[in-house]
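Single-structure report; data block below.
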Number of protein chains: 2
Amino acid sequence: MSDATLRIGEVAERAGVRVSLIRYYEAIGLLPEPGRVSGQRRYDESVLRRLAVIDVAQRAGLSLEEIKELVDHGNDPLSERLRELAQRRLPEIDALIDRAQRVRTWLRDASTCGCARIDECTLFDDVDLPSARHSPPLAVTQVERPPHAGAA
Amino acid sequence: MSDATLRIGEVAERAGVRVSLIRYYEAIGLLPEPGRVSGQRRYDESVLRRLAVIDVAQRAGLSLEEIKELVDHGNDPLSERLRELAQRRLPEIDALIDRAQRVRTWLRDASTCGCARIDECTLFDDVDLPSARHSPPLAVTQVERPPHAGAA
DNA sequence: GTGAACCCTGAAGCCGACTTGAGGTCAAGG
DNA sequence: CCTTGACCTCAAGTCGGCTTCAGGGTTCAC
């Protein structure tokens, strides 16, 4: 729809990311190649949404590779690969949520919970201590969004 | 309590991690220096729990640095730093959980949800598109636990 | 008393996800 | 014209979190 009118700098600012990140995402195929006006990229609003989706998915523990699958399943008929991905990742996302909630609880109760040392806290009692580890468990990755635009 | 009798290899096996990881954690101060018998480390069972806690916390999005604060608050009186950390991280953990749940839902409904393209899915409508980004938001990081022992 | 299996250290390598740097283009305006 | 500022490319650097490598020791069973 909307005509491609945004320049990369504006997109970056509105999305709260660096310009370099947008180019990077494009380079690895996470963002489609935008139109150009004498060499310069021009985006329409939809890129903002895309960036937001990427952000959410990434923080939920998906790797950029996987997000590519999500976001980019061409116009496949609701692709197989997607269902596959779901199969693979759902249990892990559940685990992620579970763990996050434990830590959350612990953190929240840190002051009142009898156990001063997290090592002793019963919250972690039922954690799979022994090698109950299965598939590569959510390769969550570094995500540092600077407060905003780009000093440094 | 328990006498330090486990060798590093056993610990690694029982915890489902590599020996090198245990040494690494020790090096960065996440694990206490264990006793030694003619140069070789000897652990007691408690290290297993510690490793599990680290694992959970890490997957919940805390950096090793932060986990160090959690785990390692000497014998401080339920330290300030802990409360600080909670202050800082709680909202972000909540966000993490929220995001994870969105992705989870999307993934789960991927087949039935009208919107084939994640970009268009209303699930992501209320996401903070604009620069509603605050503090460094949960530097979650690479976590690859191989099925077990160690090929490349 | 020797070989396999395990342990040690320190330095270097690797990976994902970005950022930075060097060197250059382009459009607008004083 | 010529500067300024936003943009361009491509290569290299950075960072967290580990693993691998090289070059030794140790233990234990035979």
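Chain labels follow the order of the structure tokens: the first chain is A, the next B, and so on; residue numbering restarts at 1 in every chain, and ligands are counted from 1 in their shown order.
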
Pick out the chain D residues within 9 Å of chain B. Count only C-alpha atoms (C1' of nucleotides). Give them as a count of residues only.
6

For chain C, report every residue with an atom at most 8 Å from chain B (counting only C-alpha atoms (C1' of nucleotides)), formatted as a list in words.
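Result, ordered by chain then number: DC6, DC7, DC8 and DG16 of chain C.
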
If you keep N, CA and C atoms (P, O5', C5', C4', C3', O3' and C1' of nucleotides), can you produce a file of those selected residues as a JSON list (two decimals), in the first residue's frame?
[["chain", "number", "residue", "atom", "x", "y", "z"],
["C", 6, "DC", "P", 37.41, -41.53, 30.77],
["C", 6, "DC", "O5'", 38.01, -40.32, 31.62],
["C", 6, "DC", "C5'", 38.20, -40.51, 33.02],
["C", 6, "DC", "C4'", 39.12, -39.46, 33.56],
["C", 6, "DC", "C3'", 38.66, -38.03, 33.30],
["C", 6, "DC", "O3'", 38.33, -37.40, 34.55],
["C", 6, "DC", "C1'", 41.00, -38.29, 33.08],
["C", 7, "DC", "P", 37.74, -35.92, 34.61],
["C", 7, "DC", "O5'", 39.07, -35.08, 34.91],
["C", 7, "DC", "C5'", 39.73, -35.25, 36.14],
["C", 7, "DC", "C4'", 40.98, -34.39, 36.18],
["C", 7, "DC", "C3'", 40.72, -32.94, 35.79],
["C", 7, "DC", "O3'", 40.79, -32.07, 36.91],
["C", 7, "DC", "C1'", 42.68, -33.83, 34.75],
["C", 8, "DC", "P", 40.63, -30.50, 36.62],
["C", 8, "DC", "O5'", 42.11, -30.11, 36.10],
["C", 8, "DC", "C5'", 43.17, -30.10, 37.04],
["C", 8, "DC", "C4'", 44.36, -29.37, 36.47],
["C", 8, "DC", "C3'", 44.00, -28.02, 35.88],
["C", 8, "DC", "O3'", 44.16, -27.00, 36.85],
["C", 8, "DC", "C1'", 45.44, -29.26, 34.42],
["C", 16, "DG", "P", 26.40, -19.08, 13.66],
["C", 16, "DG", "O5'", 25.52, -18.02, 14.44],
["C", 16, "DG", "C5'", 24.84, -18.41, 15.63],
["C", 16, "DG", "C4'", 24.40, -17.17, 16.37],
["C", 16, "DG", "C3'", 23.63, -16.18, 15.49],
["C", 16, "DG", "O3'", 22.58, -15.68, 16.30],
["C", 16, "DG", "C1'", 25.54, -15.12, 16.39]]

I'd like to know which of A:Asp94, A:Glu66, A:Asp3, A:Glu26 is closest to chain B, using only C-alpha atoms.
A:Asp94

Shortest contact to chain B, candidates A:Ala52, A:Val37, A:Ile67, A:Val11, atoms counted only C-alpha atoms, goes to A:Ala52

Residues flagged strand (DSSP E or B) by DSSP in segment 39-71 of chain B, as a PyMOL selection string:
chain B and resi 40-43

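Relative to atom CA of Val53 of chain B, atom CA of Glu13 of chain B is found at 16.4 Å.
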
Please run DSSP on the backbone and report, as a ChimeraX atom specification, all residues within segment 44-97 of chain B that come out as alpha helix (DSSP H).
/B:46-59,64-71,80-97

Go through A:Arg42, A:Arg83, A:Arg36, A:Arg88 and flag the residue nearest chain B, using only C-alpha atoms for the distances.
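Using only C-alpha atoms, chain B sits closest to A:Arg83.
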
Select, from A:Glu84, A:Thr105, A:Glu33, A:Val71, the residue with the minimum atom-to-atom distance to chain B, counting only C-alpha atoms.
A:Val71

So how many Å separate atom CA of Leu85 of chain A and atom CA of Arg49 of chain A, to one decimal?
21.5 Å

Hey, which of B:Ala100, B:Ala60, B:Ala15, B:Leu6 ends up closest to Tyr43 of chain B? Count only C-alpha atoms.
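Of the candidates, the smallest distance to Tyr43 of chain B is held by B:Leu6.
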
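For the set B:Gln87, B:Trp106, B:Arg14, B:Gly29, the residue with the smallest atom-to-atom gap to chain A is B:Arg14, counting only C-alpha atoms.
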
What is the atom CA of Leu82 of chain B to atom CA of Leu70 of chain B distance in Å?
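So the two atoms, atom CA of Leu82 of chain B and atom CA of Leu70 of chain B, lie 6.3 Å apart.
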